[in-house]
$ cat work.txt   # compact mmCIF, C-alpha atoms
# COMPACT_ATOMS: atom_id res chain seq x y z
CA MET O 1 1.00 -7.60 53.11
CA PRO O 2 2.52 -8.88 49.77
CA HIS O 3 -0.66 -10.92 49.32
CA ILE O 4 -2.79 -7.76 49.65
CA TYR O 5 -0.67 -5.97 47.02
CA ALA O 6 -0.90 -8.94 44.66
CA HIS O 7 -4.67 -9.05 45.06
CA ALA O 8 -4.90 -5.29 44.43
CA VAL O 9 -2.87 -5.65 41.20
CA GLU O 10 -5.05 -8.56 40.10
CA LEU O 11 -8.22 -6.57 40.78
CA ALA O 12 -6.90 -3.44 39.04
CA THR O 13 -5.82 -5.32 35.90
CA THR O 14 -9.18 -7.12 35.83
CA VAL O 15 -11.09 -3.83 35.94
CA LEU O 16 -8.82 -2.26 33.31
CA THR O 17 -9.20 -5.31 31.06
CA VAL O 18 -12.99 -4.99 31.21
CA ALA O 19 -12.70 -1.24 30.55
CA GLY O 20 -10.47 -1.98 27.56
CA MET O 21 -13.04 -4.39 26.16
CA GLY O 22 -15.62 -1.65 26.51
CA TYR O 23 -13.35 0.61 24.49
CA TYR O 24 -13.06 -2.01 21.74
CA LEU O 25 -16.84 -2.32 21.56
CA VAL O 26 -17.40 1.45 21.33
CA ALA O 27 -14.61 1.73 18.73
CA LEU O 28 -16.38 -0.94 16.68
CA VAL O 29 -19.59 1.09 16.84
CA ALA O 30 -17.67 4.17 15.67
CA ALA O 31 -16.19 2.17 12.80
CA TYR O 32 -19.61 1.04 11.59
CA VAL O 33 -21.02 4.55 11.92
CA TYR O 34 -18.16 5.79 9.74
CA LEU O 35 -18.71 2.97 7.23
CA ALA O 36 -22.36 3.90 6.87
CA ARG O 37 -21.46 7.56 6.34
CA ARG O 38 -18.75 6.74 3.81
CA ASN O 39 -21.05 4.44 1.84
CA ARG O 40 -23.64 7.21 1.74
CA GLN O 41 -21.01 9.71 0.53
CA LEU O 42 -19.88 7.36 -2.24
CA ARG O 43 -23.46 6.70 -3.37
CA GLU O 44 -24.13 10.44 -3.57
CA LEU O 45 -20.93 10.97 -5.55
CA ALA O 46 -21.86 8.18 -7.96
CA LYS O 47 -25.28 9.63 -8.77
CA ALA O 48 -24.26 13.32 -8.82
CA ASP O 49 -24.77 15.03 -12.19
CA GLY O 50 -21.76 17.27 -11.74
CA LEU O 51 -19.13 17.07 -9.02
CA PHE O 52 -17.70 20.11 -7.27
CA ALA O 53 -14.31 20.25 -8.99
CA PRO O 54 -12.64 23.65 -8.45
CA PRO O 55 -8.99 24.32 -9.39
CA VAL O 56 -6.59 23.10 -6.72
CA SER O 57 -2.86 23.45 -6.04
CA ILE O 58 -1.09 20.43 -4.52
CA LEU O 59 1.82 21.51 -2.30
CA LYS O 60 4.61 19.16 -1.29
CA SER O 61 7.60 19.98 0.87
CA LEU O 62 10.58 17.77 -0.02
CA LYS O 63 13.74 16.85 1.82
CA GLY O 64 15.70 13.89 0.49
CA LEU O 65 14.32 10.69 -0.99
CA ASP O 66 11.71 8.51 0.72
CA PRO O 67 10.91 4.85 -0.07
CA GLY O 68 8.39 4.59 -2.89
CA MET O 69 8.44 8.35 -3.44
CA MET O 70 8.35 8.25 -7.26
CA GLU O 71 5.33 5.98 -7.33
CA ALA O 72 3.65 8.26 -4.79
CA PHE O 73 4.34 11.23 -7.08
CA ARG O 74 3.00 9.36 -10.12
CA SER O 75 -0.24 8.53 -8.34
CA HIS O 76 -0.97 12.27 -8.05
CA CYS O 77 -0.49 12.64 -11.81
CA ARG O 78 -2.97 9.88 -12.68
CA GLN O 79 -6.11 11.54 -11.36
CA SER O 80 -9.58 11.20 -12.88
CA TYR O 81 -10.26 14.83 -11.97
CA VAL O 82 -12.24 17.05 -14.33
CA GLY O 83 -11.02 20.27 -12.71
CA GLN O 84 -7.64 21.92 -13.08
CA TYR O 85 -4.80 21.07 -10.74
CA GLU O 86 -1.11 21.76 -10.41
CA ILE O 87 1.65 20.23 -8.29
CA LEU O 88 4.21 22.46 -6.58
CA PHE O 89 7.29 20.87 -5.01
CA GLY O 90 9.29 22.91 -2.53
CA ILE O 91 12.97 22.30 -1.77
CA SER O 92 15.37 24.19 0.47
CA SER O 93 18.34 23.71 -1.87
CA GLN O 94 19.02 22.70 -5.48
CA ASP O 95 21.47 20.13 -4.09
CA ASP O 96 18.62 18.08 -2.61
CA PRO O 97 18.46 14.60 -4.25
CA ALA O 98 14.69 15.04 -4.58
CA VAL O 99 15.31 17.53 -7.39
CA ALA O 100 16.17 14.73 -9.83
CA ALA O 101 12.94 12.90 -8.93
CA VAL O 102 10.82 15.97 -9.69
CA LEU O 103 12.60 16.57 -13.02
CA ARG O 104 11.95 12.97 -13.96
CA LEU O 105 8.29 13.39 -13.06
CA GLN O 106 8.02 16.48 -15.26
CA ASN O 107 9.35 14.48 -18.20
CA GLU O 108 6.95 11.60 -17.58
CA PHE O 109 3.85 13.82 -17.25
CA PRO O 110 4.33 16.91 -19.46
CA GLU O 111 0.57 17.47 -19.53
CA ILE O 112 0.46 18.16 -15.76
CA PRO O 113 1.61 21.59 -14.50
CA ILE O 114 4.47 20.53 -12.21
CA ARG O 115 6.78 23.16 -10.75
CA LEU O 116 9.90 22.91 -8.62
CA ILE O 117 10.36 25.92 -6.34
CA GLU O 118 13.32 26.70 -4.12
CA ALA O 119 12.32 27.80 -0.62
CA PRO O 120 15.61 28.57 1.13
CA GLU O 121 14.35 30.51 4.15
CA ARG O 122 14.13 28.78 7.51
CA LEU O 123 11.17 30.54 9.14
CA GLY O 124 10.95 28.32 12.24
CA THR O 125 11.87 24.97 13.74
CA ASN O 126 9.42 23.09 11.47
CA GLY O 127 11.21 23.02 8.13
CA LYS O 128 8.28 21.47 6.28
CA VAL O 129 5.91 24.28 7.23
CA SER O 130 8.61 26.86 6.42
CA THR O 131 8.76 25.47 2.89
CA LEU O 132 4.97 25.39 2.54
CA VAL O 133 4.70 29.04 3.59
CA GLN O 134 7.08 29.94 0.76
CA LEU O 135 5.16 27.79 -1.75
CA ILE O 136 1.75 29.39 -1.17
CA PRO O 137 2.51 32.66 -3.01
CA HIS O 138 3.33 30.58 -6.11
CA ALA O 139 0.07 28.59 -5.97
CA ALA O 140 -2.38 29.64 -8.69
CA HIS O 141 -5.61 28.14 -7.35
CA PRO O 142 -8.15 28.88 -4.56
CA TYR O 143 -7.73 25.52 -2.81
CA LEU O 144 -4.46 24.20 -1.37
CA LEU O 145 -3.89 20.48 -0.86
CA ILE O 146 -0.96 19.57 1.37
CA ASN O 147 0.33 16.04 1.89
CA ASP O 148 3.66 14.36 2.49
CA SER O 149 6.06 13.17 -0.20
CA ASP O 150 5.45 9.50 0.57
CA ILE O 151 1.64 9.59 0.24
CA THR O 152 0.23 7.34 -2.50
CA VAL O 153 -3.34 8.05 -3.61
CA SER O 154 -6.10 6.45 -5.71
CA PRO O 155 -7.16 7.82 -9.13
CA HIS O 156 -10.36 9.15 -7.46
CA TYR O 157 -8.50 10.96 -4.70
CA LEU O 158 -8.84 14.54 -5.91
CA GLU O 159 -12.47 14.25 -6.99
CA ARG O 160 -13.48 12.76 -3.63
CA VAL O 161 -11.48 15.25 -1.58
CA MET O 162 -12.72 18.28 -3.50
CA ALA O 163 -16.34 17.09 -3.66
CA SER O 164 -16.28 17.01 0.16
CA PHE O 165 -16.15 20.82 0.19
CA ALA O 166 -19.69 20.82 -1.23
CA GLU O 167 -21.16 18.78 1.65
CA PRO O 168 -24.29 20.56 2.95
CA GLY O 169 -24.20 22.07 6.43
CA LYS O 170 -24.74 25.22 8.45
CA GLN O 171 -21.03 26.08 8.36
CA PRO O 172 -18.82 26.03 5.26
CA VAL O 173 -16.23 23.28 4.91
CA GLY O 174 -12.79 24.80 5.44
CA LEU O 175 -10.57 21.73 5.55
CA VAL O 176 -10.84 18.19 4.19
CA THR O 177 -8.62 15.43 5.52
CA ALA O 178 -8.40 11.67 4.92
CA LEU O 179 -7.74 8.39 6.66
CA TYR O 180 -4.59 6.49 5.77
CA ARG O 181 -2.88 3.15 6.09
CA GLY O 182 0.84 2.39 6.39
CA ARG O 183 2.94 0.29 4.05
CA ALA O 184 5.72 -1.46 5.96
CA HIS O 185 9.19 -2.01 4.55
CA GLY O 186 10.91 -5.16 5.70
CA THR O 187 11.86 -4.74 9.36
CA LEU O 188 9.85 -5.81 12.39
CA PRO O 189 9.70 -2.23 13.79
CA SER O 190 8.31 -1.05 10.43
CA GLN O 191 5.64 -3.76 10.59
CA LEU O 192 4.74 -2.82 14.16
CA GLU O 193 4.29 0.85 13.25
CA SER O 194 2.20 0.02 10.19
CA LEU O 195 0.04 -2.35 12.23
CA GLY O 196 -0.41 0.33 14.91
CA ILE O 197 -1.61 2.90 12.38
CA SER O 198 -4.36 0.65 11.03
CA THR O 199 -5.44 -1.14 14.18
CA ASP O 200 -4.82 1.34 17.00
CA PHE O 201 -4.43 4.96 15.89
CA LEU O 202 -7.16 5.08 13.21
CA PRO O 203 -9.77 3.33 15.42
CA SER O 204 -9.11 6.01 18.06
CA VAL O 205 -9.56 8.72 15.40
CA LEU O 206 -12.94 7.28 14.36
CA LEU O 207 -14.04 7.06 18.00
CA THR O 208 -13.00 10.69 18.59
CA VAL O 209 -15.01 11.75 15.53
CA LEU O 210 -18.05 9.92 16.91
CA MET O 211 -17.71 11.34 20.43
CA GLU O 212 -17.04 14.92 19.26
CA ARG O 213 -19.75 14.69 16.59
CA GLY O 214 -17.39 15.50 13.78
CA MET O 215 -13.76 16.05 12.87
CA ARG O 216 -12.02 18.85 14.77
CA PHE O 217 -8.41 18.30 13.71
CA GLY O 218 -6.42 17.39 10.63
CA LEU O 219 -4.40 14.35 9.60
CA GLY O 220 -1.13 14.92 7.78
CA SER O 221 -2.04 12.37 5.12
CA THR O 222 -4.25 15.06 3.55
CA LEU O 223 -4.82 18.70 4.45
CA CYS O 224 -6.92 20.32 1.74
CA VAL O 225 -7.86 23.81 2.79
CA SER O 226 -9.58 26.77 1.18
CA ARG O 227 -7.67 30.03 1.01
CA GLU O 228 -10.53 31.61 2.92
CA ALA O 229 -9.92 29.24 5.82
CA VAL O 230 -6.14 29.74 5.62
CA ASP O 231 -6.59 33.51 5.82
CA ALA O 232 -9.04 33.14 8.72
CA VAL O 233 -6.44 31.32 10.86
CA GLY O 234 -3.68 33.79 10.05
CA GLY O 235 -1.91 31.69 7.41
CA LEU O 236 0.57 28.88 7.91
CA GLU O 237 3.19 31.28 9.27
CA SER O 238 1.77 30.79 12.77
CA LEU O 239 2.60 27.07 12.57
CA VAL O 240 6.30 27.25 11.69
CA ASP O 241 7.32 26.27 15.25
CA HIS O 242 4.69 23.55 15.70
CA LEU O 243 5.48 19.85 15.36
CA ALA O 244 1.85 18.67 15.03
CA ASP O 245 1.08 21.23 12.33
CA ASP O 246 -1.57 18.98 10.75
CA TYR O 247 -3.47 18.59 14.01
CA GLU O 248 -3.11 22.27 14.87
CA LEU O 249 -4.27 23.50 11.46
CA GLY O 250 -7.47 21.47 11.77
CA VAL O 251 -8.09 22.76 15.30
CA ARG O 252 -7.67 26.37 14.20
CA VAL O 253 -9.86 25.98 11.12
CA HIS O 254 -12.60 24.47 13.30
CA LYS O 255 -12.31 27.28 15.86
CA ALA O 256 -12.52 29.85 13.05
CA GLY O 257 -16.05 28.66 12.27
CA PHE O 258 -15.37 26.22 9.44
CA ARG O 259 -16.09 22.51 9.32
CA VAL O 260 -13.37 19.86 9.06
CA VAL O 261 -14.56 16.74 7.24
CA LEU O 262 -13.22 13.33 6.27
CA ALA O 263 -13.10 12.55 2.57
CA PRO O 264 -14.45 9.10 1.58
CA ASP O 265 -11.01 8.01 0.38
CA VAL O 266 -8.03 6.29 2.00
CA VAL O 267 -4.43 7.10 1.14
CA GLU O 268 -1.25 5.16 1.88
CA THR O 269 1.89 6.32 3.64
CA SER O 270 5.24 4.61 3.40
CA VAL O 271 6.66 3.44 6.74
CA PRO O 272 10.49 3.44 6.66
CA ALA O 273 12.49 0.29 7.35
CA TYR O 274 13.17 1.43 10.91
CA ASN O 275 15.73 -0.10 13.19
CA TRP O 276 14.66 -0.23 16.84
CA ARG O 277 16.29 3.11 17.69
CA GLY O 278 14.53 4.89 14.86
CA PHE O 279 11.24 3.23 15.71
CA LEU O 280 11.41 4.20 19.39
CA ASP O 281 12.39 7.80 18.56
CA HIS O 282 9.50 8.13 16.11
CA GLN O 283 6.95 6.55 18.42
CA LEU O 284 8.02 8.61 21.45
CA ARG O 285 7.81 11.73 19.30
CA TRP O 286 4.23 10.83 18.42
CA TYR O 287 3.20 9.94 21.99
CA ARG O 288 4.68 13.06 23.54
CA THR O 289 3.20 15.24 20.82
CA VAL O 290 -0.26 13.77 21.51
CA ARG O 291 0.22 14.25 25.25
CA ASP O 292 1.13 17.88 24.69
CA ALA O 293 -1.82 18.51 22.33
CA ARG O 294 -4.52 16.54 24.17
CA PRO O 295 -3.36 15.89 27.77
CA LEU O 296 -6.71 14.59 29.03
CA GLY O 297 -7.14 12.34 26.02
CA TYR O 298 -3.61 11.03 26.45
CA SER O 299 -4.23 10.17 30.11
CA GLY O 300 -7.39 8.35 29.07
CA MET O 301 -5.46 6.17 26.63
CA HIS O 302 -4.96 3.60 29.39
CA PHE O 303 -8.49 2.42 28.57
CA THR O 304 -7.39 1.55 25.03
CA TYR O 305 -4.90 -1.12 26.06
CA GLY O 306 -7.37 -3.86 26.91
CA LEU O 307 -5.27 -6.67 25.46
CA ALA O 308 -2.13 -5.51 27.29
CA TRP O 309 -4.07 -5.32 30.57
CA ALA O 310 -5.47 -8.80 29.90
CA MET O 311 -1.95 -10.18 29.50
CA LEU O 312 -0.83 -8.49 32.70
CA ASN O 313 -3.92 -9.86 34.41
CA LEU O 314 -2.95 -13.38 33.37
CA VAL O 315 0.35 -13.01 35.23
CA ALA O 316 -1.12 -11.16 38.21
CA SER O 317 -3.79 -13.83 38.77
CA GLY O 318 -1.53 -16.80 38.25
CA PHE O 319 -3.39 -17.75 35.05
CA SER O 320 -6.69 -18.21 36.81
CA LEU O 321 -9.69 -19.45 34.82
CA LEU O 322 -11.27 -15.98 34.96
CA SER O 323 -8.11 -14.30 33.62
CA ILE O 324 -7.86 -16.80 30.77
CA TRP O 325 -11.51 -16.17 29.87
CA LEU O 326 -11.00 -12.40 30.00
CA PHE O 327 -7.89 -12.67 27.83
CA ALA O 328 -9.73 -14.74 25.23
CA LEU O 329 -12.61 -12.25 25.11
CA ALA O 330 -10.28 -9.23 24.97
CA PHE O 331 -8.26 -10.87 22.18
CA PHE O 332 -11.43 -11.60 20.20
CA LEU O 333 -12.65 -7.99 20.48
CA ARG O 334 -9.18 -6.65 19.66
CA LEU O 335 -9.09 -8.82 16.53
CA ALA O 336 -12.59 -7.67 15.55
CA MET O 337 -11.58 -4.01 15.85
CA ALA O 338 -8.35 -4.58 13.94
CA MET O 339 -10.06 -6.39 11.07
CA THR O 340 -13.00 -3.97 10.86
CA VAL O 341 -10.89 -0.82 10.73
CA GLY O 342 -7.64 -2.14 9.28
CA ALA O 343 -8.88 -4.62 6.72
CA ARG O 344 -12.40 -3.40 5.91
CA ILE O 345 -12.24 0.40 6.20
CA LEU O 346 -8.59 1.01 5.31
CA SER O 347 -8.16 -1.97 2.93
CA ASP O 348 -4.79 -2.65 4.54
CA HIS O 349 -3.69 -6.01 3.14
CA GLN O 350 -0.91 -6.28 5.73
CA VAL O 351 -3.32 -6.46 8.67
CA LEU O 352 -4.52 -10.06 8.39
CA PRO O 353 -1.01 -11.58 8.01
CA GLY O 354 0.16 -9.39 10.90
CA LEU O 355 -2.58 -10.23 13.42
CA TRP O 356 -0.28 -12.62 15.28
CA LEU O 357 1.88 -9.59 16.19
CA LEU O 358 -0.96 -7.76 17.98
CA PRO O 359 -0.19 -8.97 21.55
CA PHE O 360 3.49 -8.02 21.21
CA ARG O 361 2.65 -4.76 19.44
CA ASP O 362 0.16 -3.76 22.17
CA LEU O 363 2.66 -4.48 24.96
CA VAL O 364 5.27 -2.33 23.20
CA ALA O 365 2.69 0.44 22.69
CA PHE O 366 1.67 0.27 26.34
CA GLY O 367 5.32 0.69 27.40
CA LEU O 368 5.75 3.62 25.02
CA TRP O 369 2.60 5.26 26.38
CA VAL O 370 4.06 5.05 29.90
CA ALA O 371 7.39 6.40 28.63
CA GLY O 372 5.50 9.30 27.05
CA PHE O 373 4.88 10.67 30.56
CA ALA O 374 8.60 10.69 31.38
CA GLY O 375 9.47 13.96 29.64
CA ASN O 376 8.86 16.42 26.81
CA THR O 377 12.01 15.76 24.79
CA ILE O 378 11.75 14.28 21.30
CA VAL O 379 14.16 13.46 18.48
CA TRP O 380 13.23 14.73 15.02
CA ARG O 381 15.48 14.40 11.97
CA GLY O 382 18.41 13.61 14.28
CA GLN O 383 17.98 16.73 16.44
CA SER O 384 16.61 16.97 19.98
CA PHE O 385 13.69 19.27 20.72
CA MET O 386 11.40 19.99 23.63
CA VAL O 387 7.68 20.09 22.91
CA LYS O 388 5.82 22.69 24.96
CA LYS O 389 2.29 23.90 24.22
CA GLY O 390 2.57 22.57 20.70
CA ARG O 391 5.79 24.39 19.93
CA LEU O 392 9.22 22.96 19.19
CA ILE O 393 12.12 24.31 21.22
CA ALA O 394 15.55 23.27 19.95
CA GLN O 395 17.87 21.72 22.55
CA ASP O 396 21.58 22.56 22.68
$ encode --input "work.txt" --output "structure tokens"
Amino acid sequence: MPHIYAHAVELATTVLTVAGMGYYLVALVAAYVYLARRNRQLRELAKADGLFAPPVSILKSLKGLDPGMMEAFRSHCRQSYVGQYEILFGISSQDDPAVAAVLRLQNEFPEIPIRLIEAPERLGTNGKVSTLVQLIPHAAHPYLLINDSDITVSPHYLERVMASFAEPGKQPVGLVTALYRGRAHGTLPSQLESLGISTDFLPSVLLTVLMERGMRFGLGSTLCVSREAVDAVGGLESLVDHLADDYELGVRVHKAGFRVVLAPDVVETSVPAYNWRGFLDHQLRWYRTVRDARPLGYSGMHFTYGLAWAMLNLVASGFSLLSIWLFALAFFLRLAMAMTVGARILSDHQVLPGLWLLPFRDLVAFGLWVAGFAGNTIVWRGQSFMVKKGRLIAQD
């Protein structure tokens, strides 16, 4: 009987390894489809006589200081944008240490309209969205661009994001979002999370875009939305209890009859120098949020762990010749996907030096995916919540 079980495990891990390699191949196709589209977008932008450059308000909710935050702020002030733009920073209290950073920014860039606005009301469990809701009445322009305090952008960021609203199509563009890469800070958990963003999460995003024939959700790295689209979804007030507010906003804008598109630009987010506890809390929060938002997609994620299945297959088969061959092929395809998306599309210079971590990173991710099924509780900013139908419910 033990022999039958061992053979069943060997067979199952073999099948799942092959399925995982199929996923890598399809993800590579999605990456090249995206590359072709992005190259076409950039060519059209380069030869355009006049870019669509309407006035835009950049909204940032602040709480404390993040690594590299000042440089991220400065990057938004160094834009080659011909249209008008302003930057509104929202804080819950004047005692927040981020206040000094904004005042310093105002002194460095007096030519940019930069305002610091106190937003003291707590409208729901999501403090960031609560602040954004209170910022919107102060915004002067018809387009609202929301991104996190640690997002660093290129000088062409605004012109590429805003020009995306003019893309031809049967439906108007309501929301523009952008791909991103992570910048690790020192610790091994920080490196693992950054590597996962570029070589695991973003390939799955590109594959979803290919399969669904377009973007149907938002990424928190950039949420640029027209006021018309915001009004059509009932404003941001309806998202004050949602954890995945970026995802949910994109879903609602799409359902309201607008298009969600990817800008041909990549931004960079700062990944904190996590210890293992912080890393596990953050990753479990992400996995359980995805499971709550897309339960079928989350269940299907077992097909994405081809390299992890190949390693398990090595053990299950006693390092048979077939298992070694499957591992080598799975590793090759995993590397190809990582380099195509991480290095080529996202220009993440940390990917190539970090490739040796992929087997360990994928095993950790596989374990976290399994743990994601074990409950709905997450830890966010040191407090425990339950995630249910997208909403955050505070735990006593």
$ atom_distance --input "work.txt" --atom1 "CA of Thr152 in chain O" --atom2 "CA of Leu355 in chain O"
23.9 Å
$ residues_around --input "work.txt" --residues "range 338-350 of chain O" --least-positions-apart "5" --cutoff "8 Å" --atoms "all atoms listed in the file" --output "PyMOL selection string"
chain O and resi 28+31+35+179-183+195+198-200+202-203+266
$ residues_around --input "work.txt" --residues "Val153 in chain O" --least-positions-apart "6" --cutoff "7 Å" --atoms "all atoms listed in the file" --output "number ranges by chain"
O: 75-76, 267-268
$ residues_around --input "work.txt" --residues "Ile151 in chain O" --least-positions-apart "4" --cutoff "7 Å" --atoms "only C-alpha atoms" --output "ChimeraX atom specification"
/O:72,147,221,267-270
$ atom_distance --input "work.txt" --atom1 "CA of Lys388 in chain O" --atom2 "CA of Asp292 in chain O"
6.7 Å
$ atom_distance --input "work.txt" --atom1 "CA of Leu352 in chain O" --atom2 "CA of Tyr24 in chain O"
17.8 Å
$ residues_near_point --input "work.txt" --point "(4.4, 21.2, 18.0)" --cutoff "7 Å" --atoms "all atoms listed in the file" --output "ChimeraX atom specification"
/O:241-245,289,387,390-392
$ closest_residue --input "work.txt" --among "O:Pro110, O:Gly218, O:Gly306, O:Gly318" --to "Met337 in chain O" --atoms "all atoms listed in the file"
O:Gly306
$ closest_residue --input "work.txt" --among "O:Tyr157, O:Trp286, O:Phe385, O:Tyr85" --to "Ala139 in chain O" --atoms "all atoms listed in the file"
O:Tyr85
$ residues_near_point --input "work.txt" --point "(4.5, 8.1, -14.0)" --cutoff "12 Å" --atoms "only C-alpha atoms" --output "PDB file with C-alpha atoms, in the coordinates of the input"
ATOM      1  CA  MET O  69       8.440   8.350  -3.440  1.00  0.00           C
ATOM      2  CA  MET O  70       8.350   8.250  -7.260  1.00  0.00           C
ATOM      3  CA  GLU O  71       5.330   5.980  -7.330  1.00  0.00           C
ATOM      4  CA  ALA O  72       3.650   8.260  -4.790  1.00  0.00           C
ATOM      5  CA  PHE O  73       4.340  11.230  -7.080  1.00  0.00           C
ATOM      6  CA  ARG O  74       3.000   9.360 -10.120  1.00  0.00           C
ATOM      7  CA  SER O  75      -0.240   8.530  -8.340  1.00  0.00           C
ATOM      8  CA  HIS O  76      -0.970  12.270  -8.050  1.00  0.00           C
ATOM      9  CA  CYS O  77      -0.490  12.640 -11.810  1.00  0.00           C
ATOM     10  CA  ARG O  78      -2.970   9.880 -12.680  1.00  0.00           C
ATOM     11  CA  GLN O  79      -6.110  11.540 -11.360  1.00  0.00           C
ATOM     12  CA  ALA O 101      12.940  12.900  -8.930  1.00  0.00           C
ATOM     13  CA  VAL O 102      10.820  15.970  -9.690  1.00  0.00           C
ATOM     14  CA  LEU O 103      12.600  16.570 -13.020  1.00  0.00           C
ATOM     15  CA  ARG O 104      11.950  12.970 -13.960  1.00  0.00           C
ATOM     16  CA  LEU O 105       8.290  13.390 -13.060  1.00  0.00           C
ATOM     17  CA  GLN O 106       8.020  16.480 -15.260  1.00  0.00           C
ATOM     18  CA  ASN O 107       9.350  14.480 -18.200  1.00  0.00           C
ATOM     19  CA  GLU O 108       6.950  11.600 -17.580  1.00  0.00           C
ATOM     20  CA  PHE O 109       3.850  13.820 -17.250  1.00  0.00           C
ATOM     21  CA  PRO O 110       4.330  16.910 -19.460  1.00  0.00           C
ATOM     22  CA  GLU O 111       0.570  17.470 -19.530  1.00  0.00           C
ATOM     23  CA  ILE O 112       0.460  18.160 -15.760  1.00  0.00           C
TER      24      ILE O 112
END
$ closest_residue --input "work.txt" --among "O:Met211, O:Ala394, O:Val271, O:Leu326" --to "Val29 in chain O" --atoms "only C-alpha atoms"
O:Met211
$ residues_around --input "work.txt" --residues "Leu88 in chain O" --least-positions-apart "5" --cutoff "9 Å" --atoms "all atoms listed in the file" --output "list in words"
Ser57, Ile58, Leu59, Lys60, Ser61, Pro113, Ile114, Arg115, Leu116, Ile117, Leu135, His138 and Ala139 of chain O
$ closest_residue --input "work.txt" --among "O:Pro295, O:Leu25, O:Leu335, O:Ala330" --to "Leu314 in chain O" --atoms "only C-alpha atoms"
O:Ala330
